[in-house]
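Here is coords-v1.cif, consisting of mmCIF, C-alpha atoms and all ligand atoms:
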data_run
loop_
_atom_site.group_PDB
_atom_site.id
_atom_site.type_symbol
_atom_site.label_atom_id
_atom_site.label_comp_id
_atom_site.auth_asym_id
_atom_site.auth_seq_id
_atom_site.Cartn_x
_atom_site.Cartn_y
_atom_site.Cartn_z
ATOM 1 C CA MET A 1 34.259 -13.266 -4.400
ATOM 2 C CA GLN A 2 31.820 -10.672 -5.614
ATOM 3 C CA THR A 3 28.228 -11.109 -4.459
ATOM 4 C CA ALA A 4 26.820 -10.547 -7.931
ATOM 5 C CA ARG A 5 27.948 -9.317 -11.285
ATOM 6 C CA PRO A 6 26.432 -5.972 -12.170
ATOM 7 C CA ARG A 7 25.530 -4.847 -15.640
ATOM 8 C CA ILE A 8 24.758 -1.341 -16.737
ATOM 9 C CA ASN A 9 21.790 -1.159 -19.125
ATOM 10 C CA GLY A 10 21.792 -4.929 -19.444
ATOM 11 C CA ASP A 11 19.373 -7.665 -18.607
ATOM 12 C CA TYR A 12 19.309 -9.185 -15.176
ATOM 13 C CA VAL A 13 22.161 -11.550 -14.485
ATOM 14 C CA THR A 14 20.977 -15.079 -15.187
ATOM 15 C CA GLU A 15 20.943 -17.715 -12.481
ATOM 16 C CA SER A 16 23.902 -19.613 -13.835
ATOM 17 C CA GLU A 17 25.955 -16.431 -13.979
ATOM 18 C CA SER A 18 25.102 -15.205 -10.540
ATOM 19 C CA SER A 19 26.784 -16.031 -7.316
ATOM 20 C CA PRO A 20 25.483 -18.838 -5.077
ATOM 21 C CA ASP A 21 24.192 -16.395 -2.520
ATOM 22 C CA SER A 22 21.834 -14.618 -4.866
ATOM 23 C CA HIS A 23 18.191 -15.661 -4.787
ATOM 24 C CA ILE A 24 17.025 -15.525 -8.359
ATOM 25 C CA GLY A 25 13.894 -17.510 -8.917
ATOM 26 C CA VAL A 26 13.073 -17.421 -5.209
ATOM 27 C CA ALA A 27 10.302 -14.994 -4.399
ATOM 28 C CA SER A 28 11.751 -14.039 -1.034
ATOM 29 C CA PRO A 29 11.280 -10.350 -0.293
ATOM 30 C CA MET A 30 14.142 -7.959 -0.718
ATOM 31 C CA LYS A 31 14.972 -5.652 2.187
ATOM 32 C CA VAL A 32 15.529 -1.926 1.964
ATOM 33 C CA GLU A 33 16.715 -0.557 5.325
ATOM 34 C CA VAL A 34 17.074 3.066 6.335
ATOM 35 C CA LEU A 35 20.315 3.573 8.276
ATOM 36 C CA GLY A 36 20.072 7.347 8.356
ATOM 37 C CA CYS A 37 17.656 9.849 6.828
ATOM 38 C CA SER A 38 18.122 13.196 8.541
ATOM 39 C CA GLY A 39 19.435 16.391 7.016
ATOM 40 C CA GLY A 40 21.883 16.644 9.905
ATOM 41 C CA ILE A 41 23.210 15.088 13.097
ATOM 42 C CA GLY A 42 22.634 15.436 16.841
ATOM 43 C CA GLY A 43 20.333 13.724 19.309
ATOM 44 C CA GLY A 44 20.866 10.381 17.636
ATOM 45 C CA LEU A 45 20.080 11.655 14.128
ATOM 46 C CA ARG A 46 22.210 10.391 11.261
ATOM 47 C CA THR A 47 22.416 11.430 7.636
ATOM 48 C CA THR A 48 21.323 9.598 4.517
ATOM 49 C CA SER A 49 22.286 6.006 3.961
ATOM 50 C CA ILE A 50 20.018 3.230 2.683
ATOM 51 C CA LEU A 51 20.984 -0.449 2.702
ATOM 52 C CA VAL A 52 19.567 -2.695 -0.032
ATOM 53 C CA ASP A 53 19.617 -6.478 0.392
ATOM 54 C CA ASP A 54 22.460 -6.227 2.972
ATOM 55 C CA ARG A 55 25.024 -5.627 0.226
ATOM 56 C CA ILE A 56 24.237 -2.465 -1.712
ATOM 57 C CA LEU A 57 24.383 0.968 -0.148
ATOM 58 C CA ILE A 58 22.684 4.042 -1.547
ATOM 59 C CA ASP A 59 24.603 7.037 -0.197
ATOM 60 C CA VAL A 60 27.085 6.855 2.628
ATOM 61 C CA GLY A 61 26.010 9.462 5.139
ATOM 62 C CA THR A 62 26.694 9.070 8.839
ATOM 63 C CA GLY A 63 23.896 6.472 9.004
ATOM 64 C CA ILE A 64 26.426 3.842 7.968
ATOM 65 C CA GLY A 65 27.857 4.081 11.496
ATOM 66 C CA VAL A 66 25.051 1.899 12.883
ATOM 67 C CA LEU A 67 26.363 -1.179 11.069
ATOM 68 C CA SER A 68 28.694 -3.719 12.646
ATOM 69 C CA ILE A 69 32.061 -4.409 11.059
ATOM 70 C CA GLU A 70 30.725 -7.740 9.782
ATOM 71 C CA GLN A 71 27.783 -5.952 8.167
ATOM 72 C CA LEU A 72 30.141 -3.380 6.647
ATOM 73 C CA LYS A 73 32.215 -6.149 5.112
ATOM 74 C CA LYS A 74 29.192 -7.465 3.195
ATOM 75 C CA ILE A 75 28.804 -4.191 1.299
ATOM 76 C CA LYS A 76 30.691 -4.239 -1.984
ATOM 77 C CA THR A 77 28.594 -1.773 -3.964
ATOM 78 C CA VAL A 78 27.790 1.867 -3.318
ATOM 79 C CA PHE A 79 25.495 4.115 -5.335
ATOM 80 C CA LEU A 80 25.814 7.831 -4.721
ATOM 81 C CA THR A 81 23.119 10.381 -5.485
ATOM 82 C CA HIS A 82 25.557 13.298 -5.393
ATOM 83 C CA SER A 83 28.708 14.606 -3.778
ATOM 84 C CA HIS A 84 27.411 16.468 -0.714
ATOM 85 C CA LEU A 85 28.845 15.371 2.611
ATOM 86 C CA ASP A 86 25.543 14.403 4.213
ATOM 87 C CA HIS A 87 25.456 11.680 1.537
ATOM 88 C CA THR A 88 29.163 10.801 1.377
ATOM 89 C CA ALA A 89 30.807 11.596 4.737
ATOM 90 C CA GLY A 90 30.946 7.950 5.820
ATOM 91 C CA LEU A 91 32.676 6.737 2.683
ATOM 92 C CA PRO A 92 36.341 7.432 3.552
ATOM 93 C CA LEU A 93 36.103 5.801 6.990
ATOM 94 C CA PHE A 94 34.069 2.902 5.606
ATOM 95 C CA ALA A 95 36.728 2.146 2.964
ATOM 96 C CA ASP A 96 39.443 2.366 5.592
ATOM 97 C CA THR A 97 37.633 0.160 8.127
ATOM 98 C CA VAL A 98 37.074 -2.706 5.674
ATOM 99 C CA PHE A 99 40.257 -2.164 3.652
ATOM 100 C CA ASP A 100 41.545 -5.722 4.135
ATOM 101 C CA SER A 101 38.294 -7.312 2.975
ATOM 102 C CA LEU A 102 38.314 -5.054 -0.101
ATOM 103 C CA LEU A 103 41.683 -6.398 -1.215
ATOM 104 C CA GLU A 104 39.907 -9.533 -2.466
ATOM 105 C CA ASP A 105 36.739 -7.864 -3.659
ATOM 106 C CA PRO A 106 36.990 -4.091 -4.243
ATOM 107 C CA LEU A 107 34.302 -1.596 -3.389
ATOM 108 C CA GLN A 108 32.456 -0.573 -6.557
ATOM 109 C CA ILE A 109 31.210 3.000 -6.501
ATOM 110 C CA TYR A 110 28.508 3.996 -8.976
ATOM 111 C CA ALA A 111 27.940 7.696 -9.478
ATOM 112 C CA ARG A 112 27.672 10.449 -12.044
ATOM 113 C CA ALA A 113 30.928 11.608 -13.606
ATOM 114 C CA GLU A 114 30.708 14.912 -11.726
ATOM 115 C CA THR A 115 30.294 13.119 -8.404
ATOM 116 C CA ILE A 116 33.271 10.869 -9.111
ATOM 117 C CA ASP A 117 35.351 13.922 -10.006
ATOM 118 C CA ALA A 118 34.358 15.529 -6.703
ATOM 119 C CA LEU A 119 35.408 12.422 -4.743
ATOM 120 C CA LYS A 120 38.765 12.336 -6.500
ATOM 121 C CA THR A 121 39.430 16.045 -6.112
ATOM 122 C CA HIS A 122 38.035 16.787 -2.674
ATOM 123 C CA MET A 123 37.892 13.543 -0.693
ATOM 124 C CA PHE A 124 40.295 10.815 -1.843
ATOM 125 C CA ASN A 125 42.977 13.321 -2.758
ATOM 126 C CA ASP A 126 45.807 12.237 -0.400
ATOM 127 C CA ILE A 127 45.138 15.364 1.689
ATOM 128 C CA MET A 128 41.703 14.860 3.172
ATOM 129 C CA TRP A 129 42.103 11.086 2.939
ATOM 130 C CA PRO A 130 44.314 8.604 1.098
ATOM 131 C CA ASP A 131 43.448 7.826 -2.507
ATOM 132 C CA PHE A 132 41.961 4.361 -2.094
ATOM 133 C CA ALA A 133 41.541 4.146 -5.883
ATOM 134 C CA ALA A 134 45.327 3.742 -5.994
ATOM 135 C CA LEU A 135 45.858 1.535 -2.929
ATOM 136 C CA PRO A 136 47.517 -0.842 -2.356
ATOM 137 C CA ASP A 137 48.466 -0.080 -5.981
ATOM 138 C CA ALA A 138 46.623 1.140 -9.061
ATOM 139 C CA GLU A 139 46.087 -2.347 -10.465
ATOM 140 C CA ASN A 140 44.678 -3.849 -7.260
ATOM 141 C CA ALA A 141 42.918 -0.789 -5.925
ATOM 142 C CA VAL A 142 40.300 -1.399 -3.236
ATOM 143 C CA LEU A 143 38.037 1.326 -4.559
ATOM 144 C CA ARG A 144 36.734 1.360 -8.154
ATOM 145 C CA TYR A 145 34.715 4.080 -9.835
ATOM 146 C CA ASN A 146 31.857 3.260 -12.226
ATOM 147 C CA GLU A 147 30.344 6.175 -14.095
ATOM 148 C CA ILE A 148 26.603 6.166 -14.601
ATOM 149 C CA ALA A 149 24.240 8.590 -16.255
ATOM 150 C CA SER A 150 20.592 9.384 -15.821
ATOM 151 C CA GLY A 151 18.498 6.555 -17.267
ATOM 152 C CA ASP A 152 21.098 3.847 -16.675
ATOM 153 C CA LEU A 153 19.862 0.610 -15.153
ATOM 154 C CA VAL A 154 22.378 -1.399 -13.133
ATOM 155 C CA SER A 155 21.295 -4.968 -12.396
ATOM 156 C CA PHE A 156 22.513 -7.303 -9.654
ATOM 157 C CA GLY A 157 20.642 -10.555 -9.774
ATOM 158 C CA ARG A 158 17.205 -9.928 -8.369
ATOM 159 C CA VAL A 159 17.613 -6.227 -7.779
ATOM 160 C CA ALA A 160 18.240 -3.391 -10.207
ATOM 161 C CA LEU A 161 18.760 0.320 -9.701
ATOM 162 C CA ARG A 162 17.813 2.951 -12.236
ATOM 163 C CA ALA A 163 19.407 6.394 -12.039
ATOM 164 C CA VAL A 164 16.995 9.282 -12.535
ATOM 165 C CA GLU A 165 17.874 12.905 -13.190
ATOM 166 C CA VAL A 166 16.793 15.321 -10.451
ATOM 167 C CA HIS A 167 17.466 19.032 -9.873
ATOM 168 C CA HIS A 168 19.765 19.901 -6.976
ATOM 169 C CA SER A 169 22.531 22.483 -6.469
ATOM 170 C CA VAL A 170 25.127 20.018 -7.776
ATOM 171 C CA PRO A 171 24.649 17.286 -10.418
ATOM 172 C CA SER A 172 22.466 14.635 -8.776
ATOM 173 C CA VAL A 173 20.379 11.580 -9.448
ATOM 174 C CA GLY A 174 17.704 9.701 -7.576
ATOM 175 C CA TYR A 175 17.371 5.928 -7.775
ATOM 176 C CA CYS A 176 14.474 3.622 -8.520
ATOM 177 C CA ILE A 177 15.048 0.276 -6.817
ATOM 178 C CA GLU A 178 13.393 -2.488 -8.817
ATOM 179 C CA ALA A 179 12.880 -5.955 -7.307
ATOM 180 C CA ASN A 180 10.267 -8.692 -7.456
ATOM 181 C CA ASP A 181 8.254 -6.663 -9.962
ATOM 182 C CA GLN A 182 7.917 -3.730 -7.551
ATOM 183 C CA VAL A 183 9.633 -0.372 -7.291
ATOM 184 C CA LEU A 184 10.780 1.854 -4.457
ATOM 185 C CA ALA A 185 11.927 5.283 -5.620
ATOM 186 C CA PHE A 186 14.354 7.505 -3.695
ATOM 187 C CA SER A 187 14.661 11.094 -4.859
ATOM 188 C CA GLY A 188 17.996 11.976 -3.274
ATOM 189 C CA ASP A 189 18.230 15.752 -2.910
ATOM 190 C CA THR A 190 16.126 17.764 -5.327
ATOM 191 C CA LYS A 191 13.916 20.756 -5.810
ATOM 192 C CA THR A 192 11.055 21.121 -8.274
ATOM 193 C CA ASN A 193 11.883 19.239 -11.434
ATOM 194 C CA GLN A 194 10.397 17.860 -14.624
ATOM 195 C CA THR A 195 12.563 14.730 -14.797
ATOM 196 C CA LEU A 196 11.668 12.505 -11.839
ATOM 197 C CA TRP A 197 7.897 12.448 -12.279
ATOM 198 C CA PRO A 198 7.635 11.033 -15.822
ATOM 199 C CA VAL A 199 9.959 8.190 -14.798
ATOM 200 C CA LEU A 200 7.806 7.412 -11.754
ATOM 201 C CA ASN A 201 4.644 7.577 -13.859
ATOM 202 C CA ALA A 202 6.079 4.950 -16.221
ATOM 203 C CA TYR A 203 6.226 2.378 -13.408
ATOM 204 C CA ASP A 204 2.992 0.422 -12.991
ATOM 205 C CA LYS A 205 4.011 -0.925 -9.603
ATOM 206 C CA LEU A 206 5.457 2.021 -7.731
ATOM 207 C CA LYS A 207 5.151 0.836 -4.146
ATOM 208 C CA ALA A 208 6.813 3.667 -2.267
ATOM 209 C CA LEU A 209 8.376 7.048 -2.886
ATOM 210 C CA VAL A 210 11.005 8.345 -0.483
ATOM 211 C CA ILE A 211 11.311 12.041 -1.178
ATOM 212 C CA GLU A 212 13.179 14.864 0.420
ATOM 213 C CA VAL A 213 11.786 17.965 2.079
ATOM 214 C CA SER A 214 14.661 19.777 3.728
ATOM 215 C CA PHE A 215 13.172 23.099 4.810
ATOM 216 C CA PRO A 216 9.854 24.505 6.082
ATOM 217 C CA ASN A 217 7.886 27.004 4.011
ATOM 218 C CA ASP A 218 9.335 30.088 5.729
ATOM 219 C CA GLN A 219 12.699 29.052 4.293
ATOM 220 C CA ALA A 220 11.325 28.540 0.784
ATOM 221 C CA GLU A 221 13.875 30.932 -0.702
ATOM 222 C CA LEU A 222 16.759 29.067 0.901
ATOM 223 C CA ALA A 223 15.241 25.763 -0.239
ATOM 224 C CA GLU A 224 15.009 26.994 -3.825
ATOM 225 C CA HIS A 225 18.520 28.432 -3.763
ATOM 226 C CA SER A 226 20.050 25.271 -2.284
ATOM 227 C CA GLY A 227 18.089 22.895 -4.489
ATOM 228 C CA HIS A 228 15.604 21.424 -2.005
ATOM 229 C CA TYR A 229 11.872 21.032 -1.602
ATOM 230 C CA CYS A 230 9.783 22.758 1.025
ATOM 231 C CA PRO A 231 6.224 21.504 1.706
ATOM 232 C CA LEU A 232 4.568 23.895 -0.765
ATOM 233 C CA THR A 233 6.878 23.044 -3.669
ATOM 234 C CA LEU A 234 6.550 19.312 -2.990
ATOM 235 C CA ALA A 235 2.765 19.618 -2.888
ATOM 236 C CA ARG A 236 2.824 21.233 -6.326
ATOM 237 C CA ASP A 237 5.140 18.559 -7.757
ATOM 238 C CA LEU A 238 3.121 15.676 -6.301
ATOM 239 C CA GLU A 239 0.281 16.763 -8.580
ATOM 240 C CA LYS A 240 2.422 15.428 -11.447
ATOM 241 C CA LEU A 241 2.394 11.922 -9.942
ATOM 242 C CA GLU A 242 -0.190 9.633 -11.540
ATOM 243 C CA HIS A 243 0.200 6.763 -9.062
ATOM 244 C CA SER A 244 -0.558 6.543 -5.354
ATOM 245 C CA PRO A 245 2.521 5.030 -3.722
ATOM 246 C CA ASP A 246 3.180 5.334 -0.006
ATOM 247 C CA ILE A 247 5.051 8.611 0.413
ATOM 248 C CA TRP A 248 7.859 8.921 2.935
ATOM 249 C CA VAL A 249 9.560 12.230 3.637
ATOM 250 C CA THR A 250 13.288 12.328 4.324
ATOM 251 C CA ALA A 251 16.254 14.668 4.833
ATOM 252 C CA MET A 252 14.514 17.243 7.021
ATOM 253 C CA LYS A 253 16.919 19.588 8.789
ATOM 254 C CA PRO A 254 17.073 18.723 12.514
ATOM 255 C CA GLY A 255 14.558 20.725 14.532
ATOM 256 C CA THR A 256 12.275 21.494 11.577
ATOM 257 C CA GLU A 257 10.495 18.132 11.427
ATOM 258 C CA ALA A 258 7.296 19.083 13.311
ATOM 259 C CA THR A 259 6.848 22.308 11.338
ATOM 260 C CA ILE A 260 7.470 20.572 8.026
ATOM 261 C CA PHE A 261 4.883 17.925 8.868
ATOM 262 C CA GLU A 262 2.219 20.437 9.887
ATOM 263 C CA GLU A 263 2.832 22.254 6.621
ATOM 264 C CA LEU A 264 2.750 19.051 4.581
ATOM 265 C CA GLU A 265 -0.591 18.071 6.121
ATOM 266 C CA ALA A 266 -1.993 21.513 5.311
ATOM 267 C CA ALA A 267 -0.624 21.525 1.760
ATOM 268 C CA ILE A 268 -1.517 17.914 0.926
ATOM 269 C CA PRO A 269 -4.703 17.194 2.917
ATOM 270 C CA HIS A 270 -5.924 14.409 0.617
ATOM 271 C CA LYS A 271 -2.803 12.211 0.881
ATOM 272 C CA LYS A 272 -1.173 10.470 3.818
ATOM 273 C CA ILE A 273 2.446 11.554 4.107
ATOM 274 C CA ASN A 274 4.751 9.509 6.324
ATOM 275 C CA ARG A 275 7.884 10.580 8.118
ATOM 276 C CA LEU A 276 10.850 8.353 7.411
ATOM 277 C CA HIS A 277 12.919 7.301 10.442
ATOM 278 C CA ALA A 278 16.268 5.579 10.770
ATOM 279 C CA GLY A 279 15.547 1.903 11.339
ATOM 280 C CA ASP A 280 12.547 1.844 8.987
ATOM 281 C CA ALA A 281 12.615 -1.033 6.525
ATOM 282 C CA PHE A 282 10.717 -1.861 3.356
ATOM 283 C CA GLU A 283 10.234 -5.148 1.599
ATOM 284 C CA LEU A 284 9.970 -5.499 -2.146
HETATM 285 ZN ZN ZN B 1 22.714 17.780 -1.353
#
For this file, produce the structure as structure tokens.
Ligand SMILES: [Zn+2]
Amino acid sequence: MQTARPRINGDYVTESESSPDSHIGVASPMKVEVLGCSGGIGGGLRTTSILVDDRILIDVGTGIGVLSIEQLKKIKTVFLTHSHLDHTAGLPLFADTVFDSLLEDPLQIYARAETIDALKTHMFNDIMWPDFAALPDAENAVLRYNEIASGDLVSFGRVALRAVEVHHSVPSVGYCIEANDQVLAFSGDTKTNQTLWPVLNAYDKLKALVIEVSFPNDQAELAEHSGHYCPLTLARDLEKLEHSPDIWVTAMKPGTEATIFEELEAAIPHKKINRLHAGDAFEL
């Protein structure tokens, strides 16, 4: 049985339509847990994966490896920001590990058309990994693709995710997680852009912004070329933000964290910037 029925660009699912395990009408907080948030691996670091309400995953980096098999089986919905491996590497093994449980309730993958094309061509292509969108057969496939575009809102009972255009080296979106009248925004990978900030400014209750800074300032050229922020470019973009959410920095390349934080403090002296760690959790 599916945990909730999603709708793209629709209203929230009503109580009578939702599954018994949803909590509509109950003001219990919704959990957002960081499974991995590094730009690489090594020394216990794991790459981007964020678990929402135990059942929705945003990106499937190596962070997913911290979950137990029982926890993995609860996840029936995946949102991808983009195709890069630090955000998708765990997906093939995840689908394989919980294959039997997906026979009853397939894994729904939400992503841009370009990201879905990349998964089909380069990952689930029967060379790198079996095509789970055709197994055990096309009609009963355990993996289903759902195309979304920037601006789309996908609702699951008490939580909804809005895709937001960002500017990376491949087509990418960030996600705004809306629950209990609050919002947590996750940029995914991006460099300077004009698309994320107006969307954030339109939210009255932006509680937290999780935003990437992959490289220190002395690698600003590489950051620009590869579609990432460095501290100086993030500082400039933060001036576009009209709210004062808690700001959490993610996706730093391993070994650069201390330098990036010194540079962030110098570039943004008037704001507290927090470092995101695996294991951090938010409540909405
Ligand atoms: Zn990327």
Run the PyMOL selection byres (((chain A and resi 209) around 7) and not hetatm) mentally over the shown coordinates, then write out the matched residues as a JSON list (two decimals) with C-alpha atoms, keeping the file's coordinate frame, using the chain letters and numbers from the document.
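Contents of out.json, freshly written:
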[["chain", "number", "residue", "atom", "x", "y", "z"],
["A", 184, "LEU", "CA", 10.78, 1.85, -4.46],
["A", 185, "ALA", "CA", 11.93, 5.28, -5.62],
["A", 186, "PHE", "CA", 14.35, 7.50, -3.70],
["A", 208, "ALA", "CA", 6.81, 3.67, -2.27],
["A", 210, "VAL", "CA", 11.00, 8.35, -0.48],
["A", 211, "ILE", "CA", 11.31, 12.04, -1.18],
["A", 245, "PRO", "CA", 2.52, 5.03, -3.72],
["A", 246, "ASP", "CA", 3.18, 5.33, -0.01],
["A", 247, "ILE", "CA", 5.05, 8.61, 0.41],
["A", 248, "TRP", "CA", 7.86, 8.92, 2.94]]
### Query
Any idea what the distance is between CA of Ser155 in chain A and CA of Glu178 in chain A?
9.0 Å
Per-residue nearest contacts chain A to ligand ZN 1 (chain B), cut-off 7 Å, using all atoms listed in the file, as CSV:
residue,atom,partner,partner_atom,distance
A:His82,CA,B:ZN1,ZN,6.7
A:His84,CA,B:ZN1,ZN,4.9
A:His168,CA,B:ZN1,ZN,6.7
A:Ser169,CA,B:ZN1,ZN,7.0
A:Asp189,CA,B:ZN1,ZN,5.2
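Ranking A:Glu242, A:Glu114, A:Glu147, A:Asp152 by their shortest atom-to-atom distance to Ser172 in chain A, with all atoms listed in the file included, puts A:Glu114 first.
Take the candidates A:Gly255, A:Gly43, A:Gly151, A:Gly279 and check each one against Cys176 in chain A using only C-alpha atoms; the shortest distance goes to A:Gly151.
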### Query
Rounded to one decimal in Å, what is the spacing between CA of Ile75 in chain A and CA of Ile56 in chain A?
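CA of Ile56 in chain A lies at a distance of 5.7 Å from CA of Ile75 in chain A.
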Starting from the PyMOL selection byres (((chain A and resi 133-135) around 12) and not hetatm), expand the selection into actual residues of this file and give them as a JSON list (two decimals) with C-alpha atoms, in the coordinates of the input.
[["chain", "number", "residue", "atom", "x", "y", "z"],
["A", 92, "PRO", "CA", 36.34, 7.43, 3.55],
["A", 95, "ALA", "CA", 36.73, 2.15, 2.96],
["A", 96, "ASP", "CA", 39.44, 2.37, 5.59],
["A", 99, "PHE", "CA", 40.26, -2.16, 3.65],
["A", 100, "ASP", "CA", 41.54, -5.72, 4.14],
["A", 102, "LEU", "CA", 38.31, -5.05, -0.10],
["A", 103, "LEU", "CA", 41.68, -6.40, -1.22],
["A", 106, "PRO", "CA", 36.99, -4.09, -4.24],
["A", 107, "LEU", "CA", 34.30, -1.60, -3.39],
["A", 108, "GLN", "CA", 32.46, -0.57, -6.56],
["A", 109, "ILE", "CA", 31.21, 3.00, -6.50],
["A", 116, "ILE", "CA", 33.27, 10.87, -9.11],
["A", 119, "LEU", "CA", 35.41, 12.42, -4.74],
["A", 120, "LYS", "CA", 38.76, 12.34, -6.50],
["A", 123, "MET", "CA", 37.89, 13.54, -0.69],
["A", 124, "PHE", "CA", 40.30, 10.82, -1.84],
["A", 125, "ASN", "CA", 42.98, 13.32, -2.76],
["A", 126, "ASP", "CA", 45.81, 12.24, -0.40],
["A", 129, "TRP", "CA", 42.10, 11.09, 2.94],
["A", 130, "PRO", "CA", 44.31, 8.60, 1.10],
["A", 131, "ASP", "CA", 43.45, 7.83, -2.51],
["A", 132, "PHE", "CA", 41.96, 4.36, -2.09],
["A", 136, "PRO", "CA", 47.52, -0.84, -2.36],
["A", 137, "ASP", "CA", 48.47, -0.08, -5.98],
["A", 138, "ALA", "CA", 46.62, 1.14, -9.06],
["A", 139, "GLU", "CA", 46.09, -2.35, -10.46],
["A", 140, "ASN", "CA", 44.68, -3.85, -7.26],
["A", 141, "ALA", "CA", 42.92, -0.79, -5.92],
["A", 142, "VAL", "CA", 40.30, -1.40, -3.24],
["A", 143, "LEU", "CA", 38.04, 1.33, -4.56],
["A", 144, "ARG", "CA", 36.73, 1.36, -8.15],
["A", 145, "TYR", "CA", 34.72, 4.08, -9.84],
["A", 146, "ASN", "CA", 31.86, 3.26, -12.23]]
### Task
Output the residue selection produced by the PyMOL selection byres (((chain A and resi 259-272) around 8) and not hetatm) on the file above, formatted as a PyMOL selection string.
chain A and resi 213+215-217+230-232+235+246-247+252+256-258+273-275
### Message
Report, in Å with one decimal, the straight-line distance from CA of Thr77 in chain A to CA of Arg55 in chain A.
### Response
6.7 Å
### Message
Counting all atoms listed in the file, which residue out of A:Glu283, A:Asp59, A:Glu221, A:Asp54 sits closest to Leu85 in chain A?
### Response
A:Asp59
### Query
Which one of A:Val34, A:Leu57, A:Ile127, A:Val52 sits closest to Arg158 in chain A if you count all atoms listed in the file?
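Comparing A:Val34, A:Leu57, A:Ile127, A:Val52 against Arg158 in chain A, the winner is A:Val52.
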Quick one: range 198-209 of chain A with N, CA, C and O atoms, as a PDB file, in the frame of the given file?
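The new file selection-v7.pdb reads:
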ATOM      1  N   PRO A 198       7.963  11.924 -14.696  1.00  0.00           N
ATOM      2  CA  PRO A 198       7.635  11.033 -15.822  1.00  0.00           C
ATOM      3  C   PRO A 198       8.192   9.628 -15.645  1.00  0.00           C
ATOM      4  O   PRO A 198       7.561   8.654 -16.052  1.00  0.00           O
ATOM      5  N   VAL A 199       9.366   9.515 -15.030  1.00  0.00           N
ATOM      6  CA  VAL A 199       9.959   8.190 -14.798  1.00  0.00           C
ATOM      7  C   VAL A 199       9.095   7.414 -13.807  1.00  0.00           C
ATOM      8  O   VAL A 199       8.782   6.230 -14.008  1.00  0.00           O
ATOM      9  N   LEU A 200       8.672   8.084 -12.734  1.00  0.00           N
ATOM     10  CA  LEU A 200       7.806   7.412 -11.754  1.00  0.00           C
ATOM     11  C   LEU A 200       6.480   7.007 -12.385  1.00  0.00           C
ATOM     12  O   LEU A 200       5.956   5.917 -12.130  1.00  0.00           O
ATOM     13  N   ASN A 201       5.937   7.877 -13.237  1.00  0.00           N
ATOM     14  CA  ASN A 201       4.644   7.577 -13.859  1.00  0.00           C
ATOM     15  C   ASN A 201       4.717   6.372 -14.793  1.00  0.00           C
ATOM     16  O   ASN A 201       3.717   5.719 -15.056  1.00  0.00           O
ATOM     17  N   ALA A 202       5.918   6.077 -15.294  1.00  0.00           N
ATOM     18  CA  ALA A 202       6.079   4.950 -16.221  1.00  0.00           C
ATOM     19  C   ALA A 202       6.105   3.605 -15.500  1.00  0.00           C
ATOM     20  O   ALA A 202       6.017   2.556 -16.134  1.00  0.00           O
ATOM     21  N   TYR A 203       6.241   3.637 -14.171  1.00  0.00           N
ATOM     22  CA  TYR A 203       6.226   2.378 -13.408  1.00  0.00           C
ATOM     23  C   TYR A 203       4.787   2.034 -13.009  1.00  0.00           C
ATOM     24  O   TYR A 203       4.112   2.833 -12.355  1.00  0.00           O
ATOM     25  N   ASP A 204       4.339   0.843 -13.375  1.00  0.00           N
ATOM     26  CA  ASP A 204       2.992   0.422 -12.991  1.00  0.00           C
ATOM     27  C   ASP A 204       2.922   0.067 -11.513  1.00  0.00           C
ATOM     28  O   ASP A 204       1.888   0.212 -10.885  1.00  0.00           O
ATOM     29  N   LYS A 205       4.042  -0.445 -10.987  1.00  0.00           N
ATOM     30  CA  LYS A 205       4.011  -0.925  -9.603  1.00  0.00           C
ATOM     31  C   LYS A 205       4.968  -0.129  -8.723  1.00  0.00           C
ATOM     32  O   LYS A 205       5.951  -0.649  -8.218  1.00  0.00           O
ATOM     33  N   LEU A 206       4.682   1.151  -8.614  1.00  0.00           N
ATOM     34  CA  LEU A 206       5.457   2.021  -7.731  1.00  0.00           C
ATOM     35  C   LEU A 206       4.904   1.872  -6.321  1.00  0.00           C
ATOM     36  O   LEU A 206       3.825   2.366  -6.005  1.00  0.00           O
ATOM     37  N   LYS A 207       5.660   1.158  -5.482  1.00  0.00           N
ATOM     38  CA  LYS A 207       5.151   0.836  -4.146  1.00  0.00           C
ATOM     39  C   LYS A 207       5.348   1.987  -3.172  1.00  0.00           C
ATOM     40  O   LYS A 207       4.483   2.281  -2.356  1.00  0.00           O
ATOM     41  N   ALA A 208       6.510   2.606  -3.231  1.00  0.00           N
ATOM     42  CA  ALA A 208       6.813   3.667  -2.267  1.00  0.00           C
ATOM     43  C   ALA A 208       7.714   4.712  -2.899  1.00  0.00           C
ATOM     44  O   ALA A 208       8.540   4.400  -3.768  1.00  0.00           O
ATOM     45  N   LEU A 209       7.522   5.939  -2.459  1.00  0.00           N
ATOM     46  CA  LEU A 209       8.376   7.048  -2.886  1.00  0.00           C
ATOM     47  C   LEU A 209       8.970   7.689  -1.640  1.00  0.00           C
ATOM     48  O   LEU A 209       8.239   8.151  -0.762  1.00  0.00           O
TER      49      LEU A 209
END
